[in-house]
Structure formats: structure tokens, C-alpha cells
$ cat protein_3.cif   # mmCIF, C-alpha atoms and all ligand atoms
data_input
loop_
_atom_site.label_atom_id
_atom_site.label_comp_id
_atom_site.auth_asym_id
_atom_site.auth_seq_id
_atom_site.Cartn_x
_atom_site.Cartn_y
_atom_site.Cartn_z
CA MET A 237 59.29 83.28 73.18
CA GLY A 238 55.94 82.65 74.80
CA LEU A 239 57.58 81.91 78.12
CA LEU A 240 59.29 85.30 77.97
CA SER A 241 55.85 86.91 78.10
CA PHE A 242 55.26 85.64 81.65
CA ALA A 243 51.84 84.64 80.32
CA ARG A 244 50.24 81.24 80.66
CA PRO A 245 49.61 79.60 77.32
CA ARG A 246 46.19 78.36 76.43
CA ALA A 247 45.07 75.98 73.73
CA ARG A 248 42.96 77.36 70.92
CA ASP A 249 42.16 75.70 67.59
CA GLY A 250 45.07 73.28 67.89
CA CYS A 251 47.54 76.06 68.73
CA LEU A 252 49.15 77.42 71.86
CA LEU A 253 48.29 81.08 72.34
CA TYR A 254 50.31 83.42 74.53
CA VAL A 255 48.87 86.88 75.07
CA ALA A 256 52.04 88.82 75.83
CA ASP A 257 50.88 92.17 77.14
CA ARG A 258 54.19 92.65 78.97
CA GLY A 259 57.65 91.22 79.20
CA LEU A 260 60.34 90.60 76.62
CA ALA A 261 57.98 88.79 74.26
CA HIS A 262 55.70 91.86 74.15
CA VAL A 263 58.69 94.09 73.34
CA PHE A 264 59.89 91.65 70.65
CA VAL A 265 56.46 91.44 68.99
CA THR A 266 55.66 95.16 69.09
CA MET A 267 59.08 96.71 68.41
CA ARG A 268 58.61 96.26 64.67
CA GLY A 269 54.94 97.13 64.73
CA TYR A 270 53.63 93.58 64.71
CA ALA A 271 50.50 92.59 66.61
CA ALA A 272 51.44 88.92 66.81
CA ILE A 273 54.02 86.42 65.66
CA THR A 274 53.67 82.73 64.88
CA PHE A 275 56.20 79.94 65.33
CA GLY A 276 54.77 76.67 64.11
CA HIS A 277 51.65 76.10 66.21
CA VAL A 278 52.62 78.69 68.84
CA ILE A 279 51.15 82.16 68.47
CA VAL A 280 52.42 85.03 70.59
CA SER A 281 50.09 88.03 70.46
CA ALA A 282 50.69 91.44 72.00
CA ARG A 283 47.00 91.60 72.92
CA GLU A 284 43.95 89.39 72.87
CA PRO A 285 43.66 88.65 69.15
CA SER A 286 40.64 89.91 67.24
CA ASP A 287 38.87 87.42 64.99
CA ALA A 288 40.68 88.91 61.98
CA LEU A 289 44.09 88.70 63.64
CA TRP A 290 43.39 85.14 64.77
CA LEU A 291 42.47 84.08 61.21
CA HIS A 292 45.63 85.77 59.90
CA GLU A 293 47.88 83.97 62.38
CA ARG A 294 46.08 80.67 61.82
CA ARG A 295 46.92 81.02 58.13
CA HIS A 296 50.59 81.37 59.11
CA VAL A 297 50.18 78.10 61.04
CA GLU A 298 48.88 76.47 57.83
CA GLN A 299 51.89 77.90 56.00
CA TYR A 300 54.20 76.34 58.59
CA ASP A 301 52.41 73.03 58.09
CA ARG A 302 52.95 73.25 54.32
CA ILE A 303 56.46 74.71 54.21
CA GLY A 304 57.94 73.26 57.39
CA LEU A 305 61.33 74.42 58.59
CA ALA A 306 61.82 76.45 55.41
CA PHE A 307 59.17 78.89 56.68
CA LEU A 308 61.51 81.10 58.73
CA PRO A 309 64.31 81.50 56.14
CA LEU A 310 61.71 82.02 53.38
CA TYR A 311 59.85 84.54 55.50
CA LEU A 312 63.00 86.52 56.26
CA TRP A 313 64.22 86.36 52.64
CA PHE A 314 60.94 87.72 51.28
CA LEU A 315 60.79 90.33 54.03
CA LEU A 316 64.21 91.66 53.02
CA ARG A 317 63.45 91.48 49.28
CA ARG A 318 59.87 92.75 49.20
CA GLY A 319 59.03 94.20 52.61
CA TYR A 320 55.94 93.41 54.65
CA ARG A 321 53.18 94.69 52.35
CA ALA A 322 54.33 92.80 49.25
CA HIS A 323 55.42 89.72 51.20
CA PRO A 324 53.78 86.67 49.56
CA LEU A 325 53.26 84.87 52.89
CA GLU A 326 51.66 88.00 54.39
CA ARG A 327 49.51 88.53 51.31
CA ASP A 328 48.46 84.89 51.56
CA ALA A 329 47.67 85.25 55.27
CA SER A 330 45.63 88.39 54.65
CA GLY A 331 43.67 86.70 51.88
CA ALA A 332 44.92 89.15 49.22
CA ALA A 333 46.65 86.45 47.18
CA ARG A 334 46.40 82.85 48.29
CA LEU A 335 49.44 80.66 47.65
CA PHE A 336 47.56 77.40 48.24
CA ASP A 337 44.13 76.12 49.28
ZN ZN A 401 51.31 87.91 59.15
#
$ encode --input "protein_3.cif" --output "C-alpha cells"
Amino acid sequence: MGLLSFARPRARDGCLLYVADRGLAHVFVTMRGYAAITFGHVIVSAREPSDALWLHERRHVEQYDRIGLAFLPLYLWFLLRRGYRAHPLERDASGAARLFD
């Protein structure tokens, strides 16, 4: 996904960050209104992430570390069942309701 942005990745806080301000990755991230998307320790952001966005995506990285490969199916299942705003992984990432320390 990051490679589809035509952006060079850079290391930040143990992650690879792609700022995808163009290309297919940018379209993929923004077409559903997202600012960024995280796959394991790879974060693809449609723009240079703000501190708040970076903390949010870093929390998704922690979720990946805890949940492992189950992250994606769980994420999609909750997204279909509850939508974005009531999504437990999004609420955890936003700090509204932590799932774990
Ligand atoms: Zn999120």
C-alpha cells in the first residue's frame, strides 16, 4: 500500500510512515474519509500526520501487537456491526474507551 503512494517511507517511533499525498494509496486512504490507515507497523497517511493523528495510529500499532493477525478481520467485523464511531478499536485508539493498558 505504501509503495502505491510513490512516497519514500521513513522510520518514526519504530514504524514505517508513508505520507501518501498522491497516487493509489492516497485515493484508497481518503475515499472513505480516513486520514490514515495502519497495517501492523506500517502507517500510510494522506498528509503529514498531526501529533493527535500520530498518537491515534500508534495506538492501532499497539492493537496489532496485541491482537496480531486477528486485527483485520476483527476491525472489519466491528466496522460492519457498529460503524466507525462506535467501533471499539477506534474508541480505544481515540482514548474514549481503552481496551487494554
Ligand atoms: Zn483509527
$ residues_around --input "protein_3.cif" --residues "Arg295 in chain A" --least-positions-apart "6" --cutoff "9 Å" --atoms "only C-alpha atoms" --output "list in words"
Asp328, Ala329 and Ser330 of chain A
$ residues_near_ligand --input "protein_3.cif" --ligand "ligand ZN 401 (chain A)" --cutoff "8 Å" --atoms "only C-alpha atoms and all ligand atoms" --output "number ranges by chain"
A: 272-273, 292-293, 296, 325-326, 329-330
$ write_last_selection --input "protein_3.cif" --atoms "C-alpha atoms" --output "PDB file, in the frame of the given file"
ATOM      1  CA  ALA A 272      51.440  88.920  66.810  1.00  0.00           C
ATOM      2  CA  ILE A 273      54.020  86.420  65.660  1.00  0.00           C
ATOM      3  CA  HIS A 292      45.630  85.770  59.900  1.00  0.00           C
ATOM      4  CA  GLU A 293      47.880  83.970  62.380  1.00  0.00           C
ATOM      5  CA  HIS A 296      50.590  81.370  59.110  1.00  0.00           C
ATOM      6  CA  LEU A 325      53.260  84.870  52.890  1.00  0.00           C
ATOM      7  CA  GLU A 326      51.660  88.000  54.390  1.00  0.00           C
ATOM      8  CA  ALA A 329      47.670  85.250  55.270  1.00  0.00           C
ATOM      9  CA  SER A 330      45.630  88.390  54.650  1.00  0.00           C
TER      10      SER A 330
END
$ closest_residue --input "protein_3.cif" --among "A:Leu315, A:Leu308, A:Ile303, A:Val255" --to "Phe336 in chain A" --atoms "only C-alpha atoms"
A:Ile303
$ atom_distance --input "protein_3.cif" --atom1 "CA of Arg258 in chain A" --atom2 "CA of Glu298 in chain A"
27.1 Å
$ atom_distance --input "protein_3.cif" --atom1 "CA of Thr266 in chain A" --atom2 "CA of Phe242 in chain A"
15.8 Å
$ atom_distance --input "protein_3.cif" --atom1 "CA of Met267 in chain A" --atom2 "CA of Asp249 in chain A"
27.0 Å
$ residues_near_point --input "protein_3.cif" --point "(59.2, 94.0, 75.0)" --cutoff "12 Å" --atoms "all atoms listed in the file" --output "PyMOL selection string"
chain A and resi 237-238+240-242+256-270+281-282
$ closest_residue --input "protein_3.cif" --among "A:Pro324, A:Gly319, A:Pro285, A:Gly276" --to "Ala306 in chain A" --atoms "only C-alpha atoms"
A:Gly276
$ closest_residue --input "protein_3.cif" --among "A:Arg327, A:Arg244, A:Phe275, A:Arg283" --to "Phe307 in chain A" --atoms "all atoms listed in the file"
A:Phe275
$ axis_aligned_box --input "protein_3.cif" --around "range 284-290 of chain A" --padding-each-side "8 Å" --output "lines of an AutoDock Vina configuration file"
center_x = 41.5
center_y = 87.5
center_z = 67.4
size_x = 21.2
size_y = 20.8
size_z = 26.9
